[in-house]
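Enquirer: The structure file structure_5.txt (compact mmCIF, C-alpha atoms) is provided below.
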# COMPACT_ATOMS: atom_id res chain seq x y z
CA MET A 85 72.04 -15.51 -71.76
CA LYS A 86 71.24 -18.12 -69.13
CA PRO A 87 68.58 -17.11 -66.59
CA LYS A 88 69.74 -16.11 -63.13
CA LYS A 89 69.21 -18.76 -60.47
CA VAL A 90 67.47 -17.96 -57.18
CA ALA A 91 67.11 -20.12 -54.05
CA PHE A 92 64.75 -19.54 -51.13
CA LYS A 93 64.85 -20.49 -47.46
CA THR A 94 61.78 -19.91 -45.28
CA LEU A 95 61.63 -20.12 -41.50
CA GLY A 96 58.67 -19.75 -39.18
CA CYS A 97 54.96 -19.36 -39.70
CA ARG A 98 52.54 -20.04 -42.55
CA LEU A 99 52.40 -16.34 -43.26
CA ASN A 100 56.11 -16.40 -44.06
CA GLN A 101 55.55 -19.47 -46.24
CA LEU A 102 52.81 -17.68 -48.15
CA GLU A 103 54.98 -14.63 -48.72
CA THR A 104 57.87 -16.77 -49.94
CA ASP A 105 55.58 -18.66 -52.34
CA SER A 106 54.45 -15.31 -53.75
CA LEU A 107 58.06 -14.22 -54.27
CA VAL A 108 58.80 -17.54 -55.98
CA THR A 109 55.96 -16.78 -58.42
CA ASP A 110 57.31 -13.26 -59.04
CA PHE A 111 60.81 -14.50 -59.82
CA HIS A 112 59.56 -17.40 -61.95
CA ASN A 113 57.36 -15.10 -64.05
CA ALA A 114 60.27 -12.69 -64.44
CA GLY A 115 62.39 -15.43 -66.05
CA TYR A 116 64.54 -16.51 -63.12
CA GLU A 117 65.28 -20.19 -62.53
CA ILE A 118 64.11 -21.40 -59.12
CA VAL A 119 66.61 -23.87 -57.64
CA GLU A 120 66.56 -25.98 -54.52
CA TYR A 121 68.00 -24.29 -51.46
CA GLY A 122 71.59 -25.45 -51.02
CA LYS A 123 72.24 -25.65 -54.76
CA PRO A 124 74.48 -23.06 -56.50
CA ALA A 125 72.51 -19.86 -57.15
CA ASP A 126 72.95 -16.23 -58.12
CA VAL A 127 70.54 -15.05 -55.43
CA TYR A 128 69.79 -16.49 -51.98
CA ILE A 129 66.70 -15.14 -50.24
CA ILE A 130 66.24 -15.99 -46.56
CA ASN A 131 62.81 -15.22 -45.07
CA THR A 132 63.59 -15.20 -41.35
CA CYS A 133 61.69 -15.81 -38.11
CA THR A 134 62.41 -14.36 -34.67
CA VAL A 135 59.56 -15.63 -32.49
CA THR A 136 61.98 -17.52 -30.18
CA ASN A 137 65.71 -17.59 -29.47
CA GLN A 138 65.80 -20.90 -31.33
CA SER A 139 64.18 -19.19 -34.34
CA ASP A 140 66.94 -16.56 -34.25
CA GLN A 141 69.60 -19.25 -34.20
CA LYS A 142 68.00 -21.11 -37.11
CA SER A 143 67.72 -17.87 -39.07
CA LYS A 144 71.37 -17.00 -38.44
CA HIS A 145 72.40 -20.53 -39.39
CA SER A 146 70.50 -20.24 -42.69
CA ILE A 147 72.08 -16.85 -43.39
CA ASN A 148 75.57 -18.17 -42.67
CA TYR A 149 74.92 -21.26 -44.79
CA SER A 150 73.78 -19.07 -47.69
CA VAL A 151 76.85 -16.87 -47.35
CA ARG A 152 79.15 -19.91 -47.45
CA SER A 153 77.25 -21.39 -50.42
CA SER A 154 77.20 -18.19 -52.45
CA GLY A 155 79.79 -17.50 -55.09
CA GLU A 156 81.82 -14.33 -55.39
CA ASN A 157 79.07 -12.43 -57.22
CA ALA A 158 76.01 -14.04 -55.63
CA LEU A 159 73.53 -11.91 -53.72
CA VAL A 160 72.35 -12.72 -50.19
CA VAL A 161 69.02 -11.09 -49.30
CA VAL A 162 67.65 -11.29 -45.75
CA THR A 163 64.02 -10.41 -45.04
CA GLY A 164 61.33 -11.38 -42.52
CA CYS A 165 60.77 -10.67 -38.84
CA MET A 166 64.39 -10.94 -37.73
CA VAL A 167 65.11 -7.84 -39.84
CA THR A 168 62.95 -5.80 -37.46
CA SER A 169 64.31 -7.28 -34.24
CA GLN A 170 68.00 -7.29 -35.28
CA LYS A 171 68.22 -4.84 -38.17
CA GLU A 172 71.41 -3.11 -37.02
CA TYR A 173 73.24 -6.43 -36.62
CA LEU A 174 72.16 -7.60 -40.09
CA GLU A 175 72.94 -4.32 -41.85
CA ASN A 176 76.41 -4.21 -40.28
CA ARG A 177 77.32 -7.59 -41.76
CA ASP A 178 79.48 -7.21 -44.86
CA ASP A 179 78.43 -10.61 -46.24
CA ILE A 180 74.72 -9.72 -46.61
CA THR A 181 73.87 -7.83 -49.77
CA TYR A 182 70.42 -6.50 -48.88
CA VAL A 183 68.31 -6.36 -45.71
CA VAL A 184 64.59 -5.91 -46.44
CA ASP A 185 61.97 -5.36 -43.73
CA ASN A 186 58.49 -6.94 -43.75
CA PRO A 187 56.53 -3.95 -45.17
CA ARG A 188 58.83 -3.98 -48.23
CA LYS A 189 59.18 -7.75 -48.62
CA SER A 190 56.79 -7.92 -51.57
CA SER A 191 59.14 -5.65 -53.58
CA VAL A 192 62.22 -7.88 -53.40
CA LEU A 193 62.05 -8.74 -57.12
CA SER A 194 62.29 -5.07 -58.15
CA LEU A 195 65.32 -4.70 -55.86
CA ILE A 196 67.12 -7.67 -57.44
CA ASP A 197 66.19 -6.65 -60.99
CA SER A 198 67.60 -3.18 -60.35
CA HIS A 199 70.81 -4.67 -58.98
CA PHE A 200 71.43 -6.80 -62.06
CA LYS A 201 70.73 -3.77 -64.27
CA GLY A 202 73.49 -1.91 -62.48
CA GLU A 203 71.14 0.43 -60.64
CA ILE A 204 71.77 1.38 -57.02
CA VAL A 205 68.59 1.06 -54.95
CA HIS A 206 68.47 1.06 -51.17
CA PRO A 207 65.80 -1.23 -49.62
CA SER A 208 64.35 1.75 -47.77
CA ALA A 209 63.29 3.16 -51.16
CA LEU A 210 61.15 0.14 -51.99
CA LYS A 211 57.36 0.40 -51.98
CA GLN A 212 55.71 -0.46 -48.65
CA ASP A 213 52.66 -2.71 -48.90
CA LEU A 214 51.80 -5.54 -46.49
CA PHE A 215 49.36 -7.12 -48.95
CA ASN A 216 50.99 -6.57 -52.34
CA PHE A 217 51.83 -10.25 -52.83
CA SER A 218 51.14 -11.97 -56.13
CA VAL A 219 48.71 -14.87 -56.46
CA VAL A 220 50.83 -17.98 -56.04
CA GLU A 221 51.24 -19.84 -59.34
CA LYS A 222 54.75 -21.23 -58.95
CA GLY A 223 55.17 -21.98 -55.26
CA PHE A 224 56.23 -24.78 -52.96
CA HIS A 225 52.67 -25.73 -51.94
CA THR A 226 49.51 -26.93 -53.74
CA ARG A 227 47.14 -25.07 -51.43
CA SER A 228 46.69 -21.35 -52.00
CA ALA A 229 47.33 -19.26 -48.89
CA ILE A 230 45.29 -16.06 -48.83
CA LYS A 231 46.67 -13.28 -46.64
CA ILE A 232 43.77 -11.43 -45.03
CA GLN A 233 45.44 -9.65 -42.13
CA ASP A 234 48.81 -8.69 -40.63
CA GLY A 235 50.04 -7.50 -37.24
CA CYS A 236 48.56 -7.93 -33.76
CA ASP A 237 47.21 -5.71 -30.98
CA ASN A 238 47.06 -8.35 -28.23
CA PHE A 239 50.57 -7.84 -26.78
CA CYS A 240 50.77 -11.15 -24.95
CA SER A 241 53.46 -10.83 -22.31
CA TYR A 242 55.82 -13.34 -23.95
CA CYS A 243 55.35 -12.33 -27.60
CA ILE A 244 57.58 -10.20 -29.82
CA VAL A 245 55.28 -10.41 -32.86
CA PRO A 246 53.52 -7.02 -32.40
CA ARG A 247 56.97 -5.42 -32.36
CA VAL A 248 58.21 -7.13 -35.53
CA ARG A 249 54.93 -7.33 -37.50
CA GLY A 250 53.34 -4.13 -36.20
CA ARG A 251 49.79 -3.31 -35.17
CA ALA A 252 46.82 -5.18 -36.61
CA VAL A 253 45.86 -4.28 -40.18
CA SER A 254 43.03 -5.92 -42.15
CA ARG A 255 43.09 -6.32 -45.92
CA PRO A 256 40.15 -4.88 -47.90
CA VAL A 257 37.37 -7.39 -48.57
CA LYS A 258 37.37 -6.77 -52.32
CA ASP A 259 41.11 -7.47 -52.57
CA ILE A 260 40.68 -10.75 -50.70
CA LEU A 261 37.80 -11.90 -52.89
CA ASP A 262 39.72 -10.89 -56.03
CA ASN A 263 42.74 -12.84 -54.74
CA ILE A 264 40.60 -15.94 -54.29
CA ARG A 265 38.97 -15.57 -57.74
CA GLU A 266 42.41 -15.27 -59.34
CA SER A 267 43.55 -18.37 -57.45
CA LEU A 268 40.49 -20.27 -58.69
CA ASP A 269 41.16 -19.10 -62.24
CA ILE A 270 44.62 -20.71 -62.19
CA GLY A 271 43.21 -23.98 -60.83
CA LYS A 272 43.72 -23.74 -57.07
CA LYS A 273 41.19 -25.78 -55.08
CA GLU A 274 41.99 -25.06 -51.44
CA MET A 275 42.23 -21.57 -49.95
CA VAL A 276 44.00 -21.21 -46.59
CA LEU A 277 43.08 -17.96 -44.85
CA THR A 278 46.13 -16.68 -43.02
CA GLY A 279 47.44 -13.73 -41.03
CA VAL A 280 48.91 -12.95 -37.63
CA ASN A 281 45.61 -12.69 -35.72
CA ILE A 282 42.83 -13.44 -38.19
CA SER A 283 40.01 -13.71 -35.64
CA ARG A 284 40.35 -9.95 -35.15
CA TYR A 285 39.84 -9.25 -38.86
CA ASN A 286 37.68 -6.16 -39.34
CA HIS A 287 37.63 -3.99 -42.44
CA ASN A 288 35.02 -1.24 -42.67
CA GLY A 289 32.74 -3.15 -40.32
CA VAL A 290 33.12 -6.54 -42.00
CA THR A 291 34.23 -9.00 -39.33
CA PHE A 292 35.96 -12.32 -39.82
CA LYS A 293 32.59 -14.07 -39.81
CA GLY A 294 31.26 -11.66 -42.43
CA LEU A 295 34.34 -12.19 -44.58
CA LEU A 296 33.93 -15.98 -44.37
CA GLU A 297 30.31 -15.69 -45.48
CA LYS A 298 31.35 -13.72 -48.57
CA ILE A 299 34.12 -16.21 -49.40
CA LEU A 300 31.85 -19.25 -49.01
CA ALA A 301 29.29 -17.61 -51.30
CA LEU A 302 31.76 -17.58 -54.20
CA SER A 303 31.03 -20.10 -56.93
CA GLY A 304 33.48 -22.85 -57.80
CA ASP A 305 34.74 -26.27 -56.74
CA PHE A 306 37.00 -25.35 -53.84
CA ARG A 307 37.30 -25.59 -50.09
CA VAL A 308 38.42 -23.13 -47.42
CA ARG A 309 40.74 -23.79 -44.51
CA ILE A 310 41.37 -21.47 -41.58
CA SER A 311 44.94 -21.27 -40.33
CA SER A 312 45.98 -20.52 -36.74
CA ILE A 313 43.29 -18.64 -34.81
CA GLU A 314 42.90 -17.20 -31.32
CA PRO A 315 40.06 -18.41 -29.05
CA ASP A 316 38.00 -15.22 -29.23
CA GLY A 317 35.06 -14.15 -31.34
CA PHE A 318 33.49 -17.63 -31.40
CA THR A 319 29.71 -17.37 -31.45
CA GLU A 320 27.03 -19.90 -32.32
CA LYS A 321 26.46 -18.09 -35.63
CA PHE A 322 30.17 -18.40 -36.45
CA ILE A 323 30.21 -22.11 -35.65
CA GLU A 324 27.18 -22.63 -37.89
CA LEU A 325 29.30 -21.63 -40.89
CA PHE A 326 31.08 -24.99 -40.64
CA GLU A 327 27.88 -26.66 -41.81
CA ASN A 328 28.98 -25.45 -45.25
CA PRO A 329 30.92 -28.31 -46.92
CA LYS A 330 33.37 -25.79 -48.39
CA LEU A 331 34.68 -24.94 -44.91
CA CYS A 332 37.12 -27.58 -43.63
CA PRO A 333 36.44 -29.11 -40.18
CA HIS A 334 39.80 -28.15 -38.72
CA LEU A 335 41.11 -25.29 -36.58
CA HIS A 336 44.54 -24.62 -35.11
CA LEU A 337 43.19 -23.10 -31.89
CA CYS A 338 45.95 -21.65 -29.69
CA LEU A 339 45.82 -22.91 -26.06
CA GLN A 340 49.32 -22.00 -24.75
CA SER A 341 48.56 -23.18 -21.17
CA GLY A 342 45.94 -25.19 -19.30
CA SER A 343 46.32 -23.04 -16.16
CA ASP A 344 44.16 -19.93 -15.69
CA LYS A 345 46.89 -18.44 -13.50
CA VAL A 346 49.49 -18.80 -16.25
CA LEU A 347 47.09 -17.55 -18.94
CA LEU A 348 46.54 -14.40 -16.87
CA GLN A 349 50.30 -13.84 -16.59
CA MET A 350 50.61 -14.41 -20.34
CA ARG A 351 47.93 -11.75 -20.93
CA ARG A 352 45.74 -14.21 -22.82
CA PHE A 353 42.13 -13.06 -23.15
CA TYR A 354 40.22 -16.23 -22.19
CA SER A 355 39.84 -18.76 -19.40
CA ILE A 356 40.18 -22.53 -19.62
CA GLN A 357 36.42 -22.82 -19.12
CA GLN A 358 35.84 -20.57 -22.13
CA PHE A 359 38.36 -22.50 -24.22
CA LEU A 360 36.77 -25.85 -23.40
CA GLY A 361 33.36 -24.34 -24.08
CA ILE A 362 34.44 -23.57 -27.65
CA ILE A 363 35.64 -27.15 -28.11
CA GLU A 364 32.35 -28.52 -26.77
CA GLN A 365 30.25 -26.33 -29.07
CA PHE A 366 32.12 -27.60 -32.11
CA ARG A 367 32.26 -31.25 -31.07
CA SER A 368 28.54 -31.31 -30.21
CA ARG A 369 27.83 -30.40 -33.84
CA PHE A 370 30.80 -32.05 -35.60
CA ASN A 371 31.83 -35.25 -33.87
CA ARG A 372 35.45 -35.49 -35.03
CA PHE A 373 36.19 -31.84 -35.66
CA ASN A 374 39.99 -31.62 -35.74
CA PHE A 375 41.68 -29.31 -33.26
CA THR A 376 45.44 -28.72 -33.28
CA THR A 377 47.17 -26.25 -30.98
CA ASP A 378 50.24 -24.48 -29.59
CA VAL A 379 51.46 -25.00 -26.01
CA ILE A 380 54.18 -23.09 -24.17
CA VAL A 381 55.98 -24.95 -21.38
CA GLY A 382 58.26 -23.37 -18.81
CA PHE A 383 56.67 -19.93 -18.69
CA PRO A 384 58.05 -17.95 -15.71
CA GLY A 385 56.37 -19.12 -12.52
CA GLU A 386 54.80 -22.24 -14.07
CA THR A 387 54.52 -24.73 -11.21
CA ASP A 388 54.20 -28.51 -11.41
CA GLU A 389 50.50 -28.04 -10.70
CA ASP A 390 50.15 -25.54 -13.57
CA PHE A 391 51.87 -27.96 -15.92
CA TYR A 392 49.70 -30.85 -14.70
CA LYS A 393 46.60 -28.77 -15.54
CA THR A 394 47.95 -28.21 -19.06
CA CYS A 395 48.41 -31.95 -19.54
CA GLU A 396 44.87 -32.57 -18.29
CA VAL A 397 43.37 -30.04 -20.69
CA ILE A 398 45.21 -31.33 -23.75
CA ARG A 399 44.10 -34.90 -22.92
CA GLN A 400 40.53 -33.72 -22.40
CA VAL A 401 40.45 -31.97 -25.78
CA GLY A 402 42.27 -34.72 -27.68
CA PHE A 403 44.29 -32.50 -30.00
CA SER A 404 45.52 -34.34 -33.08
CA HIS A 405 48.74 -32.31 -33.14
CA ILE A 406 50.50 -30.01 -30.66
CA HIS A 407 53.26 -27.58 -31.51
CA THR A 408 55.18 -27.34 -28.23
CA PHE A 409 57.32 -24.29 -27.50
CA LYS A 410 59.78 -24.10 -24.63
CA TYR A 411 59.37 -20.56 -23.27
CA SER A 412 61.98 -18.30 -24.84
CA GLU A 413 62.78 -14.95 -23.28
CA ARG A 414 62.47 -12.07 -25.76
CA ASN A 415 63.89 -8.65 -24.92
CA GLY A 416 61.26 -5.94 -24.81
CA THR A 417 58.43 -8.19 -23.61
CA ARG A 418 56.82 -8.10 -20.16
CA ALA A 419 57.66 -11.74 -19.47
CA ALA A 420 61.38 -11.00 -19.84
CA ARG A 421 61.14 -8.96 -16.63
CA MET A 422 59.31 -11.66 -14.66
CA ASP A 423 60.90 -13.59 -11.81
CA ASN A 424 60.78 -17.34 -11.15
CA LYS A 425 62.43 -18.39 -14.39
CA ILE A 426 62.14 -22.11 -15.13
CA PRO A 427 65.44 -24.03 -15.58
CA GLY A 428 66.18 -25.35 -19.07
CA ARG A 429 66.30 -28.93 -17.82
CA LEU A 430 62.75 -28.71 -16.51
CA LYS A 431 61.54 -27.08 -19.73
CA ASN A 432 63.00 -30.00 -21.67
CA GLU A 433 61.33 -32.54 -19.38
CA ARG A 434 57.93 -30.87 -19.69
CA SER A 435 58.28 -30.50 -23.44
CA GLU A 436 59.00 -34.22 -23.78
CA ILE A 437 55.97 -35.13 -21.65
CA VAL A 438 53.71 -33.01 -23.87
CA ARG A 439 55.27 -34.56 -26.97
CA GLN A 440 54.53 -38.08 -25.73
CA ILE A 441 50.92 -37.21 -24.87
CA ALA A 442 50.53 -35.53 -28.27
CA GLU A 443 51.77 -38.64 -30.08
CA GLU A 444 49.28 -40.83 -28.22
CA MET A 445 46.40 -38.50 -29.07
CA LYS A 446 47.46 -38.17 -32.70
CA LEU A 447 47.45 -41.95 -33.17
CA THR A 448 44.08 -42.34 -31.44
CA TYR A 449 42.52 -39.58 -33.54
CA ARG A 450 43.87 -40.90 -36.83
CA LYS A 451 42.75 -44.48 -36.09
CA SER A 452 39.21 -43.24 -35.51
CA PHE A 453 38.95 -42.65 -39.28
CA ILE A 454 39.66 -46.26 -40.32
CA GLY A 455 36.78 -47.49 -42.47
CA ASP A 456 35.50 -43.96 -43.12
CA ILE A 457 35.43 -41.79 -46.25
CA GLN A 458 37.63 -38.71 -46.68
CA THR A 459 37.82 -36.16 -49.48
CA VAL A 460 41.49 -35.75 -50.33
CA LEU A 461 43.12 -32.93 -52.28
CA THR A 462 46.02 -34.64 -54.03
CA GLU A 463 49.43 -32.97 -53.92
CA ARG A 464 52.03 -35.28 -55.44
CA ARG A 465 52.73 -38.79 -56.74
CA TYR A 466 55.60 -40.71 -55.25
CA LYS A 467 56.80 -44.33 -55.63
CA GLY A 468 53.48 -45.82 -56.61
CA ILE A 469 51.30 -43.76 -54.28
CA THR A 470 49.55 -40.39 -54.32
CA LYS A 471 49.85 -38.07 -51.33
CA GLY A 472 47.46 -35.38 -50.18
CA TYR A 473 45.37 -34.07 -47.30
CA GLY A 474 41.84 -34.90 -46.23
CA GLU A 475 39.31 -32.27 -45.22
CA HIS A 476 40.31 -32.74 -41.54
CA PHE A 477 43.91 -31.75 -42.46
CA ILE A 478 45.25 -35.26 -42.08
CA PRO A 479 48.04 -36.53 -44.38
CA VAL A 480 46.80 -39.35 -46.61
CA GLU A 481 48.64 -41.83 -48.83
CA ILE A 482 46.44 -43.29 -51.56
CA ASP A 483 47.29 -46.68 -53.00
CA ASN A 484 47.22 -45.40 -56.59
CA ASN A 485 49.83 -43.39 -58.51
CA SER A 486 47.66 -42.48 -61.50
CA LEU A 487 45.50 -39.88 -59.76
CA GLU A 488 45.75 -36.33 -61.02
CA ARG A 489 47.56 -33.77 -58.88
CA ASN A 490 45.54 -30.90 -57.35
CA SER A 491 42.25 -32.79 -57.62
CA PHE A 492 39.60 -33.95 -55.15
CA TYR A 493 39.13 -37.71 -54.67
CA LYS A 494 36.91 -39.70 -52.35
CA VAL A 495 38.95 -42.34 -50.52
CA LYS A 496 38.28 -45.04 -47.93
CA VAL A 497 40.68 -45.07 -44.97
CA THR A 498 42.25 -48.51 -44.48
CA ASP A 499 45.05 -48.09 -41.93
CA VAL A 500 47.41 -45.70 -40.12
CA LEU A 501 51.15 -45.88 -40.72
CA ASP A 502 53.57 -46.17 -37.82
CA ASP A 503 55.58 -43.19 -39.08
CA GLU A 504 56.34 -39.79 -37.57
CA GLU A 505 53.28 -38.19 -39.19
CA ARG A 506 50.93 -41.12 -38.45
CA THR A 507 49.93 -40.94 -42.09
CA ILE A 508 46.58 -42.43 -43.06
CA LEU A 509 46.50 -45.11 -45.77
CA ALA A 510 43.50 -45.11 -48.11
CA SER A 511 42.10 -46.59 -51.28
CA PRO A 512 40.37 -44.46 -53.94
CA ILE A 513 36.64 -44.73 -54.50
CA PHE A 514 35.64 -44.16 -58.11
CA LEU A 515 32.02 -43.04 -58.16
Show me the file's structure as structure tokens.
Expert:
Amino acid sequence: MKPKKVAFKTLGCRLNQLETDSLVTDFHNAGYEIVEYGKPADVYIINTCTVTNQSDQKSKHSINYSVRSSGENALVVVTGCMVTSQKEYLENRDDITYVVDNPRKSSVLSLIDSHFKGEIVHPSALKQDLFNFSVVEKGFHTRSAIKIQDGCDNFCSYCIVPRVRGRAVSRPVKDILDNIRESLDIGKKEMVLTGVNISRYNHNGVTFKGLLEKILALSGDFRVRISSIEPDGFTEKFIELFENPKLCPHLHLCLQSGSDKVLLQMRRFYSIQQFLGIIEQFRSRFNRFNFTTDVIVGFPGETDEDFYKTCEVIRQVGFSHIHTFKYSERNGTRAARMDNKIPGRLKNERSEIVRQIAEEMKLTYRKSFIGDIQTVLTERRYKGITKGYGEHFIPVEIDNNSLERNSFYKVKVTDVLDDEERTILASPIFL
């Protein structure tokens, strides 16, 4: 009997990507054939996002596409954050086979196995466990994402995440360390610590800093990268940890706005002075420490002056990449009840201005590495070159297609491509 084919579509954050990669591993190990999304399959699994209205539309588009692509007997499974925000709508659709919420996402394989065995199992009967995701062996990424936390207690006025992901929960330290050891045992060389609000990690008194210390003390040839993090909890002792060569000199530090007035309305727990102070502490120790960020434009009541302040701050910091969001009203949030809504046209104009500034800063930052040495973790070979990422989380193309995948190589940066990613060109150094 031919193996059943399963296709995956992931929308949204790195946490969703990690959880999909884990499901890919589960299905692969169970004997399913993983096929490219859009190809004929027996099972289509859509891991949705609902952080903005645009995310909802993309999720619905992916669901509809999967329904149209599926054959008469194919299964369409919808999971992820949209299941929480629009569960009734999804469950009332006759063309979706199963709707699985986030706490039960890790049990999707058992649901599908039961279906093909002729057993009737409702998703509500599946085991709930936010951290019961397999170590990624067969995923879509070389790096190993390690889930350390889920949920958020901040309740920013614009954000629906606490509603769809729940309150903050930290994973036990032992489970995290075991997860990393298992990843090392199967050859992974870069661990990306991820969650919804990882700076607030705290399990039985072990803070995020304490967890990092335990991870960095593990033996092995690997490096650690921190995913998106909020600008709180930064102390001198925490910053000192980046002296360890295992900890990558890159943080995605969420700004959202350069105006203290707007930050207050967003219910963000820092001032611009505090944010810039964090940047200065890092840059005084690590000259080209890479900061990337998120910015929201068009928040209710954002004036031209507020927006100008945001542009000034992002130029001052010199972010190498900015993920720009046009404010999206989400029902159930405080911001949805605010007055002084910003017209869509103005949101678009401000978004484009930020995009142009971001492109200038990205090119300047990347060019600063020309002539320098980077340690690249190789990911794939393609048309005579090898692609990977340097320790500063910069995409690198190496002029050599014989390098081994998932290996560290020292390279010398020679140029920056005029492409969308501003990819760095480099030559390998064989020591």
Enquirer: Residues of range 109-219 of chain A that have any atom at most 9 Å from an atom of range 254-265 of chain A: could you tabulate them with the shortest-distance atom pair and the distance in Å to one decimal, using only C-alpha atoms, ordered by chain and increasing number, as a tab-separated table?
Expert:
residue	atom	partner	partner_atom	distance
A:Leu214	CA	A:Arg255	CA	8.8
A:Phe215	CA	A:Arg255	CA	7.0
A:Ser218	CA	A:Asn263	CA	8.6
A:Val219	CA	A:Asn263	CA	6.5
Enquirer: Which residues are near Pro124 in chain A? Cut-off 12 Å, only C-alpha atoms, ignore same chain within fewer than 5 positions. Put them as a list in words.
Expert: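 The contact residues come out as Lys88, Lys89, Val90, Ala91, Phe92, Glu117, Ile118, Val119, Tyr149, Ser150, Val151, Arg152, Ser153, Ser154, Gly155, Glu156, Asn157, Ala158 and Leu159 of chain A.
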Enquirer: For range 94-107 of chain A, list every protein, DNA or RNA residue within 10 Å, evaluated using all atoms listed in the file, and leave out those in the same chain fewer than 3 positions away; present the list as an mmCIF file with C-alpha atoms, keeping the file's coordinate frame.
Expert:
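Output (around.cif):
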data_model
loop_
_atom_site.group_PDB
_atom_site.id
_atom_site.type_symbol
_atom_site.label_atom_id
_atom_site.label_comp_id
_atom_site.auth_asym_id
_atom_site.auth_seq_id
_atom_site.Cartn_x
_atom_site.Cartn_y
_atom_site.Cartn_z
ATOM 1 C CA ASP A 110 57.310 -13.260 -59.040
ATOM 2 C CA PHE A 111 60.810 -14.500 -59.820
ATOM 3 C CA HIS A 112 59.560 -17.400 -61.950
ATOM 4 C CA ASN A 113 57.360 -15.100 -64.050
ATOM 5 C CA TYR A 121 68.000 -24.290 -51.460
ATOM 6 C CA ILE A 129 66.700 -15.140 -50.240
ATOM 7 C CA ILE A 130 66.240 -15.990 -46.560
ATOM 8 C CA ASN A 131 62.810 -15.220 -45.070
ATOM 9 C CA THR A 132 63.590 -15.200 -41.350
ATOM 10 C CA CYS A 133 61.690 -15.810 -38.110
ATOM 11 C CA THR A 134 62.410 -14.360 -34.670
ATOM 12 C CA VAL A 135 59.560 -15.630 -32.490
ATOM 13 C CA THR A 136 61.980 -17.520 -30.180
ATOM 14 C CA SER A 139 64.180 -19.190 -34.340
ATOM 15 C CA ASP A 140 66.940 -16.560 -34.250
ATOM 16 C CA LYS A 142 68.000 -21.110 -37.110
ATOM 17 C CA SER A 143 67.720 -17.870 -39.070
ATOM 18 C CA SER A 146 70.500 -20.240 -42.690
ATOM 19 C CA THR A 163 64.020 -10.410 -45.040
ATOM 20 C CA GLY A 164 61.330 -11.380 -42.520
ATOM 21 C CA CYS A 165 60.770 -10.670 -38.840
ATOM 22 C CA ASN A 186 58.490 -6.940 -43.750
ATOM 23 C CA LYS A 189 59.180 -7.750 -48.620
ATOM 24 C CA SER A 190 56.790 -7.920 -51.570
ATOM 25 C CA SER A 191 59.140 -5.650 -53.580
ATOM 26 C CA VAL A 192 62.220 -7.880 -53.400
ATOM 27 C CA LEU A 193 62.050 -8.740 -57.120
ATOM 28 C CA LEU A 214 51.800 -5.540 -46.490
ATOM 29 C CA PHE A 215 49.360 -7.120 -48.950
ATOM 30 C CA ASN A 216 50.990 -6.570 -52.340
ATOM 31 C CA PHE A 217 51.830 -10.250 -52.830
ATOM 32 C CA SER A 218 51.140 -11.970 -56.130
ATOM 33 C CA VAL A 219 48.710 -14.870 -56.460
ATOM 34 C CA VAL A 220 50.830 -17.980 -56.040
ATOM 35 C CA GLU A 221 51.240 -19.840 -59.340
ATOM 36 C CA LYS A 222 54.750 -21.230 -58.950
ATOM 37 C CA GLY A 223 55.170 -21.980 -55.260
ATOM 38 C CA PHE A 224 56.230 -24.780 -52.960
ATOM 39 C CA HIS A 225 52.670 -25.730 -51.940
ATOM 40 C CA ARG A 227 47.140 -25.070 -51.430
ATOM 41 C CA SER A 228 46.690 -21.350 -52.000
ATOM 42 C CA ALA A 229 47.330 -19.260 -48.890
ATOM 43 C CA ILE A 230 45.290 -16.060 -48.830
ATOM 44 C CA LYS A 231 46.670 -13.280 -46.640
ATOM 45 C CA GLN A 233 45.440 -9.650 -42.130
ATOM 46 C CA ASP A 234 48.810 -8.690 -40.630
ATOM 47 C CA VAL A 276 44.000 -21.210 -46.590
ATOM 48 C CA LEU A 277 43.080 -17.960 -44.850
ATOM 49 C CA THR A 278 46.130 -16.680 -43.020
ATOM 50 C CA GLY A 279 47.440 -13.730 -41.030
ATOM 51 C CA VAL A 280 48.910 -12.950 -37.630
ATOM 52 C CA SER A 311 44.940 -21.270 -40.330
ATOM 53 C CA SER A 312 45.980 -20.520 -36.740
#
Enquirer: Calculated over all atoms listed in the file, which of the candidates A:Ser435, A:Thr376, A:Thr408, A:Thr507 has the smallest distance to Tyr473 in chain A?
Expert: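 Ranking A:Ser435, A:Thr376, A:Thr408, A:Thr507 by distance to Tyr473 in chain A, first place goes to A:Thr507.
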Enquirer: To one decimal in Å, tell me the separation between CA of Asn238 in chain A and CA of Leu337 in chain A.
Expert: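 Pair CA of Asn238 in chain A / CA of Leu337 in chain A returns 15.7 Å.
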Enquirer: At what distance in Å, to one decimal, does CA of Cys243 in chain A lie from CA of Arg414 in chain A?
Expert: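 Between CA of Arg414 in chain A and CA of Cys243 in chain A the gap is 7.4 Å.
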Enquirer: Considering all atoms listed in the file, can you say which of A:Ser169, A:Thr109, A:Ser208, A:Asn371 comes closest to Gly250 in chain A?
Expert: A:Ser169
Enquirer: If you count all atoms listed in the file, which residues fall within 12 Å of range 415-426 of chain A, apart from same-chain ones fewer than 5 positions away, as a VMD selection string?
Expert: chain A and resid 134 to 137 169 to 170 239 to 248 346 348 to 351 381 to 388 391 410 431 to 434
Enquirer: Find the spatial neighbours of Ile398 in chain A, counting only C-alpha atoms, within a cut-off of 10 Å - ignore same-chain residues fewer than 3 positions away - and output them as a ChimeraX atom specification.
Expert: /A:339,341-342,376-377,379,393-395,401-404,406,438,441-442,445
Enquirer: Which of these, A:Ser368, A:Ser267, A:Ser194, A:Thr459, has the shortest distance to Glu324 in chain A once you count all atoms listed in the file?
Expert: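 Smallest separation from Glu324 in chain A among the options: A:Ser368.
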